[in-house]
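Note sheet for the following structure.
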Amino acid sequence: MGKGREIHEKNVKPHHKDKSYYVTVDGNPVPDVDLQKSREVKKEPLSRLKKRPVGIEYVRPDGFSMRHRTVDARIKDGRALDKGIQLYRHWFQFLKLALELESLGDQVEIVTRNGRYLPTDEREIRGVDRELVKIPFRKGKFFKTRETVHIRVNREKYEGWDLDEVLSNTFNQWWKSHSHLFEGHYPTQITSKDEWDDSPEFIYVRIDKYSRTRDVDEFMKTIKVQMSAEGSPRYRIDGHPRPDVLQNRYNSLVMGLKGMKPKEICTHKEIYLRATDDKGDGERLKVSVTKNGKSLYPIVVKQQRDGGIHHLLDVMKGVFGSVPPQRGFKG
């Protein structure tokens with residue numbers, strides 16, 4: 001990991017201030033990463049969304065899609081998902097991207113914060129307890145070099161995922177043989193000996209129908225001790241992330257790595273950055289405009305890309321779904 005060094009302004013070189021790339025491979029900057037396995041995902045056309053059966057898709061009269069706006073476990077054949085399947089699809093996407101970046105060289109690093117000049121005057125900022133804390137004055141002008149993180153997936157955290165298949169297959173192909181990693185079994189009553197399953201995943205009990213309710217309740221407390229404290233499944237998604245927000249972050253990160261400019265990302269005809277509420281410009285993510293009429297494309301893309309970097313770093317550690325820092329990565 002490159003934490004960034006503080007150097008005096010007289011020692012600052014042009015390469016320290018270069019913001020044209022997000023990835024280095026074996027020490028060399030790569031402005032346009034040639035991604036073969038990971039690609040941006042375009043928005044489904046409204047005509048296709050409106051054809052979805054009722055209950056799967058809801059499109060408001062103004063054409064705004066409410067798809068995946070609710071959190072619900074999907075139960076099928078006695079198996080249950082803790083979250084909607086689209087969230088697992090996004091985990092897969094970010095993990096595939098991390099694996100592809102990792103495969104580009106022996107030493108691959110992603111820039112999490114670009115180089116910047118440090119303040120030279122005394123300032124006041126809000127501390128942990130919202131108390132004013134003074135940043136001391138320093139003589140001279142100093143520059144802090146870019147910060148980077150080494151791309152390396154912790155394979156110990158992905159037992160059973162078959163990461164070579166994650167990199168080479170589509171989500172749908174991979175999910176068919178790996179959905180059990182995320183599924184639990186909804187509690188059910190066994191009514192036949194034929195339903196018995198010797199799998200160690202299950203606990204079977206026998207209860208007399210005439211047992212006292214309080215006795216059954218006390219007995220079930222002893223059963224819960226044998227169950228996983230965290231519950232099923234083994235791989236859980238943190239919090240309640242929104243699929244459309246995750247997709248924007250992923251698209252911004254992938255398209256930025258490929259060298260696409262902020263304006264192209266925001267205005268592309270395929271709508272790669274989609275509205276996440278009804279305050280934007282139709283189906284597109286809202287882009288603020290200055291008093292002089294200048295659209296702030298770089299700010300919008302950077303905010304989304306920083307969120308994408310956060311999820312990329314998370315999946316390398318074997319987790320997914322946590323909320324990015326409030327102010328993102330400052331670069």
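Please note that chains go A, B, ... in the order of the structure tokens, that every chain numbers its residues from 1, and that ligands are numbered from 1 in the order shown.
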Check your understanding: When DSSP works through the backbone of this structure, what residues of range 80-278 of chain A end up as helix (DSSP H, G or I), shown as a ChimeraX atom specification?
Key -> /A:85-102,155-158,163-168,171-181,193-195,213-225,243-257,262-267
Point to revise | Spatial neighbours of Lys258 in chain A, 7 Å, only C-alpha atoms, chain gap at least 5 places, as a list in words | key: Asp32, Val33 and Asp34 of chain A
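In this comparison, which uses only C-alpha atoms, the residue of A:Ile271, A:Val323, A:Ile203, A:Val287 approaching Pro241 in chain A most closely is A:Val323.
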Check your understanding: Which residue gives the smallest distance to Glu109 in chain A among A:Arg155, A:Lys3, A:Lys96, A:Lys17, with only C-alpha atoms counted?
Key -> A:Lys3
Check your understanding: Hey, which of A:Gly160, A:Gly321, A:Pro29, A:Gly2 ends up closest to Gly239 in chain A? Count only C-alpha atoms.
Key ->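 Answer, going by the shortest atom-to-atom distance: A:Gly321.
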**Study point:** Who sits within 9 Å of Val30 in chain A, only C-alpha atoms, same chain under 6 positions skipped, as a list in words
**Key:**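 Final neighbour list, sorted by chain and number: Ser20, Tyr21, Tyr22, Val23, Thr24 and Leu257 of chain A.
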Just to be explicit: take each residue in the selection above, keep N, CA and C atoms, and write the result as a short mmCIF file (atom, residue, chain, number, x, y, z; two decimals), in the first residue's frame.
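After the write, again06.cif holds the following:
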```cif
data_model
loop_
_atom_site.label_atom_id
_atom_site.label_comp_id
_atom_site.auth_asym_id
_atom_site.auth_seq_id
_atom_site.Cartn_x
_atom_site.Cartn_y
_atom_site.Cartn_z
N SER A 20 -4.04 11.41 -14.58
CA SER A 20 -4.58 10.82 -15.80
C SER A 20 -4.78 9.31 -15.72
N TYR A 21 -4.45 8.70 -14.60
CA TYR A 21 -4.59 7.25 -14.50
C TYR A 21 -5.02 6.86 -13.10
N TYR A 22 -5.63 5.65 -13.01
CA TYR A 22 -6.10 5.13 -11.72
C TYR A 22 -5.40 3.84 -11.32
N VAL A 23 -4.64 3.27 -12.24
CA VAL A 23 -4.01 1.97 -11.99
C VAL A 23 -2.55 1.99 -12.42
N THR A 24 -1.70 1.33 -11.64
CA THR A 24 -0.31 1.09 -12.04
C THR A 24 -0.10 -0.42 -12.08
N LEU A 257 -11.56 3.37 -15.56
CA LEU A 257 -10.35 2.55 -15.76
C LEU A 257 -10.05 2.39 -17.25
#
```
Practice item. For each of A:Thr112, A:Phe142, A:Val301, A:Ile207, take the minimum atom-to-atom distance to Met260 in chain A, counting only C-alpha atoms, then give the residue where this is smallest. Key: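 Between A:Thr112, A:Phe142, A:Val301, A:Ile207, the residue approaching Met260 in chain A most closely is A:Val301.
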